[in-house]
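What follows is the content of structure14.pdb (PDB, C-alpha atoms).
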```
ATOM      1  CA  MET Q   1      19.991  -5.983 -14.634
ATOM      2  CA  PHE Q   2      17.232  -8.419 -15.691
ATOM      3  CA  GLU Q   3      17.055 -10.734 -18.680
ATOM      4  CA  ASP Q   4      14.148 -10.347 -21.118
ATOM      5  CA  TYR Q   5      12.633 -13.695 -20.103
ATOM      6  CA  GLU Q   6      12.695 -12.638 -16.409
ATOM      7  CA  ILE Q   7      10.913  -9.367 -17.162
ATOM      8  CA  TRP Q   8       8.386 -11.163 -19.364
ATOM      9  CA  GLY Q   9       7.650 -13.723 -16.632
ATOM     10  CA  ALA Q  10       7.149 -11.085 -13.933
ATOM     11  CA  ASN Q  11       5.109  -8.764 -16.179
ATOM     12  CA  ASN Q  12       2.701 -11.530 -17.121
ATOM     13  CA  THR Q  13       1.597 -11.957 -13.509
ATOM     14  CA  ALA Q  14       0.092  -8.446 -13.231
ATOM     15  CA  ARG Q  15      -3.504  -8.571 -12.043
ATOM     16  CA  SER Q  16      -6.474  -6.333 -12.587
ATOM     17  CA  LEU Q  17      -8.700  -8.323 -10.204
ATOM     18  CA  GLY Q  18      -8.318 -10.372  -7.030
ATOM     19  CA  SER Q  19      -6.206  -8.952  -4.216
ATOM     20  CA  ILE Q  20      -6.171  -5.461  -5.651
ATOM     21  CA  GLY Q  21      -7.212  -2.278  -3.885
ATOM     22  CA  PRO Q  22      -9.115  -2.726  -0.603
ATOM     23  CA  LYS Q  23      -8.667  -6.525  -0.627
ATOM     24  CA  ALA Q  24      -4.870  -6.367  -0.825
ATOM     25  CA  ARG Q  25      -3.075  -6.918   2.486
ATOM     26  CA  VAL Q  26       0.144  -4.978   1.816
ATOM     27  CA  PRO Q  27      -1.410  -1.614   0.848
ATOM     28  CA  LYS Q  28      -4.060  -2.029   3.562
ATOM     29  CA  PHE Q  29      -1.315  -2.454   6.175
ATOM     30  CA  VAL Q  30       0.667   0.486   4.756
ATOM     31  CA  MET Q  31      -2.442   2.715   4.850
ATOM     32  CA  GLY Q  32      -3.098   1.752   8.457
ATOM     33  CA  THR Q  33       0.441   2.536   9.612
ATOM     34  CA  ALA Q  34       1.426   5.433   7.329
ATOM     35  CA  ASN Q  35       0.976   8.252   9.846
ATOM     36  CA  GLU Q  36       3.725   6.921  12.107
ATOM     37  CA  VAL Q  37       6.381   8.626  10.000
ATOM     38  CA  LYS Q  38       6.246  12.365   9.327
ATOM     39  CA  LEU Q  39       6.113  13.246   5.665
ATOM     40  CA  GLU Q  40       5.417   9.659   4.671
ATOM     41  CA  ARG Q  41       6.696   8.981   1.168
ATOM     42  CA  THR Q  42       5.855   5.570  -0.227
ATOM     43  CA  LEU Q  43       7.045   3.651  -3.262
ATOM     44  CA  ASP Q  44       4.706   1.088  -4.772
ATOM     45  CA  PHE Q  45       7.423  -1.178  -6.195
ATOM     46  CA  GLY Q  46       6.049  -3.450  -8.922
ATOM     47  CA  ALA Q  47       2.883  -1.385  -9.106
ATOM     48  CA  GLY Q  48       1.414  -3.140 -12.129
ATOM     49  CA  PRO Q  49       0.341  -1.454 -15.362
ATOM     50  CA  LYS Q  50      -2.488   0.604 -13.794
ATOM     51  CA  ALA Q  51      -0.796   1.323 -10.428
ATOM     52  CA  LEU Q  52      -4.075   0.609  -8.602
ATOM     53  CA  HIS Q  53      -2.503   0.402  -5.133
ATOM     54  CA  THR Q  54      -0.680   3.676  -5.745
ATOM     55  CA  TRP Q  55      -3.966   5.403  -6.490
ATOM     56  CA  ALA Q  56      -5.617   3.818  -3.430
ATOM     57  CA  LEU Q  57      -2.867   5.241  -1.181
ATOM     58  CA  ARG Q  58      -3.069   8.652  -2.834
ATOM     59  CA  LYS Q  59      -6.797   8.753  -2.082
ATOM     60  CA  GLN Q  60      -5.795   8.400   1.593
ATOM     61  CA  TRP Q  61      -3.497  11.468   1.254
ATOM     62  CA  ILE Q  62      -0.329   9.384   1.253
ATOM     63  CA  GLU Q  63       2.402  10.579  -1.082
ATOM     64  CA  CYS Q  64       2.882   7.474  -3.197
ATOM     65  CA  HIS Q  65       5.024   6.915  -6.281
ATOM     66  CA  ALA Q  66       4.765   3.947  -8.624
ATOM     67  CA  TYR Q  67       7.589   1.879 -10.118
ATOM     68  CA  GLU Q  68       7.286  -0.796 -12.773
ATOM     69  CA  PHE Q  69       9.464  -2.308 -15.486
ATOM     70  CA  GLY Q  70       9.154  -3.950 -18.876
ATOM     71  CA  LYS Q  71       5.876  -3.853 -20.765
ATOM     72  CA  ASN Q  72       4.020  -2.931 -17.551
ATOM     73  CA  PHE Q  73       5.768   0.460 -17.435
ATOM     74  CA  ASN Q  74       3.333   3.235 -18.304
ATOM     75  CA  PRO Q  75       4.763   6.783 -18.341
ATOM     76  CA  GLU Q  76       1.363   8.149 -17.258
ATOM     77  CA  GLU Q  77       1.405   5.979 -14.111
ATOM     78  CA  HIS Q  78       5.038   5.211 -13.258
ATOM     79  CA  GLY Q  79       7.946   7.497 -12.474
ATOM     80  CA  PRO Q  80      10.958   6.735 -14.666
ATOM     81  CA  TYR Q  81      13.217   8.046 -11.882
ATOM     82  CA  ALA Q  82      11.383   6.406  -8.976
ATOM     83  CA  LEU Q  83      14.467   4.422  -7.993
ATOM     84  CA  ASN Q  84      16.547   7.621  -7.742
ATOM     85  CA  ARG Q  85      14.725   8.807  -4.595
ATOM     86  CA  LYS Q  86      14.444   7.592  -0.985
ATOM     87  CA  TYR Q  87      11.183   6.501   0.659
ATOM     88  CA  ASN Q  88       9.924   6.006   4.195
ATOM     89  CA  THR Q  89       8.044   2.935   2.994
ATOM     90  CA  VAL Q  90       8.785   0.671   0.064
ATOM     91  CA  MET Q  91       5.799  -1.544  -0.617
ATOM     92  CA  MET Q  92       6.151  -4.793  -2.607
ATOM     93  CA  SER Q  93       2.719  -6.339  -3.018
ATOM     94  CA  ASN Q  94       2.768  -9.597  -4.986
ATOM     95  CA  VAL Q  95       6.268  -8.864  -6.251
ATOM     96  CA  LEU Q  96       8.711 -11.237  -4.560
ATOM     97  CA  ASN Q  97       6.544 -14.296  -5.189
ATOM     98  CA  VAL Q  98       6.636 -13.792  -8.964
ATOM     99  CA  GLN Q  99      10.423 -13.689  -9.283
ATOM    100  CA  SER Q 100      11.549 -16.739 -11.249
ATOM    101  CA  SER Q 101      14.584 -17.620  -9.132
ATOM    102  CA  ARG Q 102      16.370 -16.894  -5.865
ATOM    103  CA  ASP Q 103      18.847 -14.739  -7.793
ATOM    104  CA  MET Q 104      16.086 -12.668  -9.415
ATOM    105  CA  LEU Q 105      14.338 -12.250  -6.057
ATOM    106  CA  ILE Q 106      17.579 -10.983  -4.485
ATOM    107  CA  ARG Q 107      18.218  -8.547  -7.355
ATOM    108  CA  THR Q 108      14.641  -7.256  -7.088
ATOM    109  CA  LEU Q 109      14.832  -6.957  -3.318
ATOM    110  CA  GLU Q 110      18.146  -5.090  -3.557
ATOM    111  CA  GLN Q 111      16.525  -2.492  -5.802
ATOM    112  CA  GLY Q 112      13.868  -1.894  -3.149
ATOM    113  CA  VAL Q 113      16.263  -1.954  -0.198
ATOM    114  CA  LYS Q 114      18.482   0.717  -1.802
ATOM    115  CA  VAL Q 115      15.641   3.263  -1.787
ATOM    116  CA  VAL Q 116      14.464   2.727   1.821
ATOM    117  CA  ASN Q 117      15.148   5.802   3.974
ATOM    118  CA  LYS Q 118      16.556   5.415   7.449
ATOM    119  CA  PRO Q 119      14.525   4.725   9.634
ATOM    120  CA  GLY Q 120      12.293   3.493   6.816
ATOM    121  CA  ARG Q 121      10.763   0.115   6.176
ATOM    122  CA  LEU Q 122       9.999  -2.413   3.488
ATOM    123  CA  VAL Q 123       6.546  -3.995   3.564
ATOM    124  CA  CYS Q 124       6.083  -7.092   1.437
ATOM    125  CA  ASN Q 125       4.153 -10.293   1.138
ATOM    126  CA  TYR Q 126       4.915 -13.764  -0.155
ATOM    127  CA  PRO Q 127       1.631 -15.394  -1.165
ATOM    128  CA  LYS Q 128       1.446 -19.091  -1.920
ATOM    129  CA  SER Q 129      -0.009 -18.404  -5.337
ATOM    130  CA  PRO Q 130       1.304 -17.510  -7.765
ATOM    131  CA  ARG Q 131       4.870 -18.519  -6.972
ATOM    132  CA  LYS Q 132       7.392 -18.615  -9.772
ATOM    133  CA  SER Q 133      10.299 -20.119  -7.800
ATOM    134  CA  ASP Q 134      10.702 -22.954  -5.337
ATOM    135  CA  LEU Q 135      11.700 -20.664  -2.435
ATOM    136  CA  LYS Q 136       9.864 -21.309   0.823
ATOM    137  CA  GLU Q 137       8.826 -18.702   3.408
ATOM    138  CA  LYS Q 138      11.829 -19.608   5.593
ATOM    139  CA  ASP Q 139      14.133 -18.928   2.621
ATOM    140  CA  LEU Q 140      12.574 -15.512   2.095
ATOM    141  CA  ILE Q 141      12.899 -14.643   5.797
ATOM    142  CA  GLU Q 142      16.574 -15.634   5.699
ATOM    143  CA  ILE Q 143      17.108 -13.361   2.689
ATOM    144  CA  LEU Q 144      15.192 -10.472   4.308
ATOM    145  CA  LEU Q 145      17.288 -10.836   7.472
ATOM    146  CA  SER Q 146      20.430 -10.355   5.390
ATOM    147  CA  TYR Q 147      19.205  -6.774   4.719
ATOM    148  CA  PHE Q 148      17.177  -5.911   7.829
ATOM    149  CA  GLU Q 149      17.605  -6.394  11.557
ATOM    150  CA  TYR Q 150      13.885  -6.959  12.144
ATOM    151  CA  VAL Q 151      11.482  -8.965  10.003
ATOM    152  CA  VAL Q 152       8.084  -8.824  11.655
ATOM    153  CA  GLU Q 153       5.537 -11.242  10.268
ATOM    154  CA  ILE Q 154       2.385  -9.208  10.888
ATOM    155  CA  GLU Q 155       0.254 -12.145   9.778
ATOM    156  CA  PRO Q 156       1.180 -15.209   7.742
ATOM    157  CA  ARG Q 157       3.294 -14.191   4.721
ATOM    158  CA  LEU Q 158       2.954 -10.398   5.358
ATOM    159  CA  TYR Q 159       6.237  -8.807   6.477
ATOM    160  CA  GLU Q 160       7.359  -5.434   7.818
ATOM    161  CA  CYS Q 161      11.161  -5.168   7.616
ATOM    162  CA  TYR Q 162      13.298  -2.463   9.213
ATOM    163  CA  ASN Q 163      16.590  -1.723  10.933
ATOM    164  CA  GLN Q 164      15.567   0.949  13.432
ATOM    165  CA  SER Q 165      12.714   0.346  15.834
ATOM    166  CA  THR Q 166      10.115   2.948  16.873
ATOM    167  CA  PRO Q 167       7.506   2.853  19.680
ATOM    168  CA  MET Q 168       4.710   1.815  17.287
ATOM    169  CA  ARG Q 169       6.871  -0.879  15.741
ATOM    170  CA  GLU Q 170       7.561  -2.215  19.253
ATOM    171  CA  VAL Q 171       3.808  -2.498  19.867
ATOM    172  CA  ARG Q 172       3.339  -4.381  16.573
ATOM    173  CA  ARG Q 173       6.210  -6.701  17.447
ATOM    174  CA  MET Q 174       4.408  -7.677  20.662
ATOM    175  CA  THR Q 175       1.218  -8.591  18.801
ATOM    176  CA  ALA Q 176       2.734  -9.954  15.596
ATOM    177  CA  TYR Q 177       2.216 -13.422  14.250
ATOM    178  CA  LYS Q 178       6.017 -14.038  14.374
ATOM    179  CA  VAL Q 179       9.113 -11.878  14.880
ATOM    180  CA  HIS Q 180      12.478 -12.629  13.297
ATOM    181  CA  ILE Q 181      15.519 -10.704  14.544
ATOM    182  CA  LYS Q 182      18.907 -10.910  12.860
ATOM    183  CA  ASP Q 183      21.228 -13.310  14.710
ATOM    184  CA  LYS Q 184      18.533 -14.189  17.268
ATOM    185  CA  VAL Q 185      16.060 -17.038  17.556
ATOM    186  CA  CYS Q 186      12.532 -15.913  18.485
TER
END
```

Whole structure given in structure tokens:
Amino acid sequence: MFEDYEIWGANNTARSLGSIGPKARVPKFVMGTANEVKLERTLDFGAGPKALHTWALRKQWIECHAYEFGKNFNPEEHGPYALNRKYNTVMMSNVLNVQSSRDMLIRTLEQGVKVVNKPGRLVCNYPKSPRKSDLKEKDLIEILLSYFEYVVEIEPRLYECYNQSTPMREVRRMTAYKVHIKDKVC
């Protein structure tokens, strides 16, 4: 599915410092909203070699599985069959921004979208740095809207994407930074 150079480029962006653990916006948001869905099952997609966010969520009693590819895959941390299950939440923290092209981003996103349960969600970010492609935020939102009815920008470059609304999601939509709805201008 991915060329060796694409895997190499994405794997070499893994961090052990910076926005990892309590500083990271995506897992922090997921932790704060996890109890909205009974039997929350989360996938940390692109978890990095040590799956630090996965372990942070597990410490909060959230069932979290880690997925990684290439040299970052570690059988002690990552499930080799993680993409064969469905999840209430698929979390992509610092994943989409390190895809080397629009095509690679779409292929990566499709892998995550396929494992989102209904009425599940995808939570992702798109930080300014590092960015491996020339895609802008508006391009990413357009791509996300091709898979999801709602793309709620919780704060700049932090997105919660879903197709089926819930009462708590409605509340977040009212207080969100921006809301994007498929085929509607907001």

Do you know which residues the PyMOL selection byres ((chain Q and resi 140) around 10) returns on this file, as a list in words?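 Those residues are Leu96, Asn97, Arg102, Leu105, Ile106, Asn125, Tyr126, Leu135, Lys136, Glu137, Lys138, Asp139, Ile141, Glu142, Ile143, Leu144, Leu145, Ser146 and Arg157 of chain Q.
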
Just give me the gap between CA of Met31 (chain Q) and CA of Met91 (chain Q) in Å, one decimal is fine. 10.8 Å

Would you give me, as a tab-separated table, each residue of region 87-174 of chain Q having an atom within 10 Å of an atom of region 43-65 of chain Q, along with its shortest atom pair and that distance in Å to one decimal, using only C-alpha atoms and sorting by chain and residue number?
```
residue	atom	partner	partner_atom	distance
Q:Tyr87	CA	Q:Leu43	CA	6.4
Q:Asn88	CA	Q:Leu43	CA	8.3
Q:Thr89	CA	Q:Leu43	CA	6.4
Q:Val90	CA	Q:Leu43	CA	4.8
Q:Met91	CA	Q:Asp44	CA	5.0
Q:Met92	CA	Q:Phe45	CA	5.2
Q:Ser93	CA	Q:Gly46	CA	7.4
Q:Asn94	CA	Q:Gly46	CA	8.0
Q:Val95	CA	Q:Gly46	CA	6.0
Q:Leu96	CA	Q:Gly46	CA	9.3
Q:Thr108	CA	Q:Phe45	CA	9.5
Q:Leu109	CA	Q:Phe45	CA	9.8
Q:Gln111	CA	Q:Phe45	CA	9.2
Q:Gly112	CA	Q:Phe45	CA	7.2
Q:Val115	CA	Q:Leu43	CA	8.7
Q:Val116	CA	Q:Leu43	CA	9.0
Q:Leu122	CA	Q:Leu43	CA	9.5
Q:Val123	CA	Q:Asp44	CA	9.9
Q:Cys124	CA	Q:Phe45	CA	9.7
```

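CA of Met168 (chain Q) is positioned 12.8 Å from CA of Arg121 (chain Q).
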
Distance of CA of Asp103 (chain Q) from CA of Arg131 (chain Q), expressed in Å to one decimal place: 14.5 Å

For the file shown, report as a PDB file with C-alpha atoms, keeping the file's coordinate frame the outcome of the PyMOL selection byres ((chain Q and resi 182) around 8) at residue level.
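Result written to selection-v1.pdb:
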```pdb
ATOM      1  CA  LEU Q 145      17.288 -10.836   7.472  1.00  0.00           C
ATOM      2  CA  SER Q 146      20.430 -10.355   5.390  1.00  0.00           C
ATOM      3  CA  PHE Q 148      17.177  -5.911   7.829  1.00  0.00           C
ATOM      4  CA  GLU Q 149      17.605  -6.394  11.557  1.00  0.00           C
ATOM      5  CA  TYR Q 150      13.885  -6.959  12.144  1.00  0.00           C
ATOM      6  CA  HIS Q 180      12.478 -12.629  13.297  1.00  0.00           C
ATOM      7  CA  ILE Q 181      15.519 -10.704  14.544  1.00  0.00           C
ATOM      8  CA  ASP Q 183      21.228 -13.310  14.710  1.00  0.00           C
ATOM      9  CA  LYS Q 184      18.533 -14.189  17.268  1.00  0.00           C
TER      10      LYS Q 184
END
```

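Taking all atoms listed in the file into account, Gly70 (chain Q) lies nearest to Q:Met1 out of the set Q:Met1, Q:Cys161, Q:Val151, Q:Ala176.
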
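Applied to the file shown here, the PyMOL selection byres ((chain Q and resi 179) around 6) selects Q:Val152, Q:Glu153, Q:Lys178, Q:His180.
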
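Using only C-alpha atoms, the nearest neighbour of Thr42 (chain Q) within the list Q:Lys86, Q:Lys128, Q:Arg107, Q:Lys118 is Q:Lys86.
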
Can you work out which one of Q:Pro167, Q:Pro27, Q:Tyr177, Q:Asp134 has the shortest atom-to-atom distance to Ile154 (chain Q), counting only C-alpha atoms? Q:Tyr177

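Between Phe29 (chain Q) and the residues Q:Glu68, Q:Glu160, Q:Glu77, Q:Glu110, the shortest atom-to-atom distance, using all atoms listed in the file, involves Q:Glu160.
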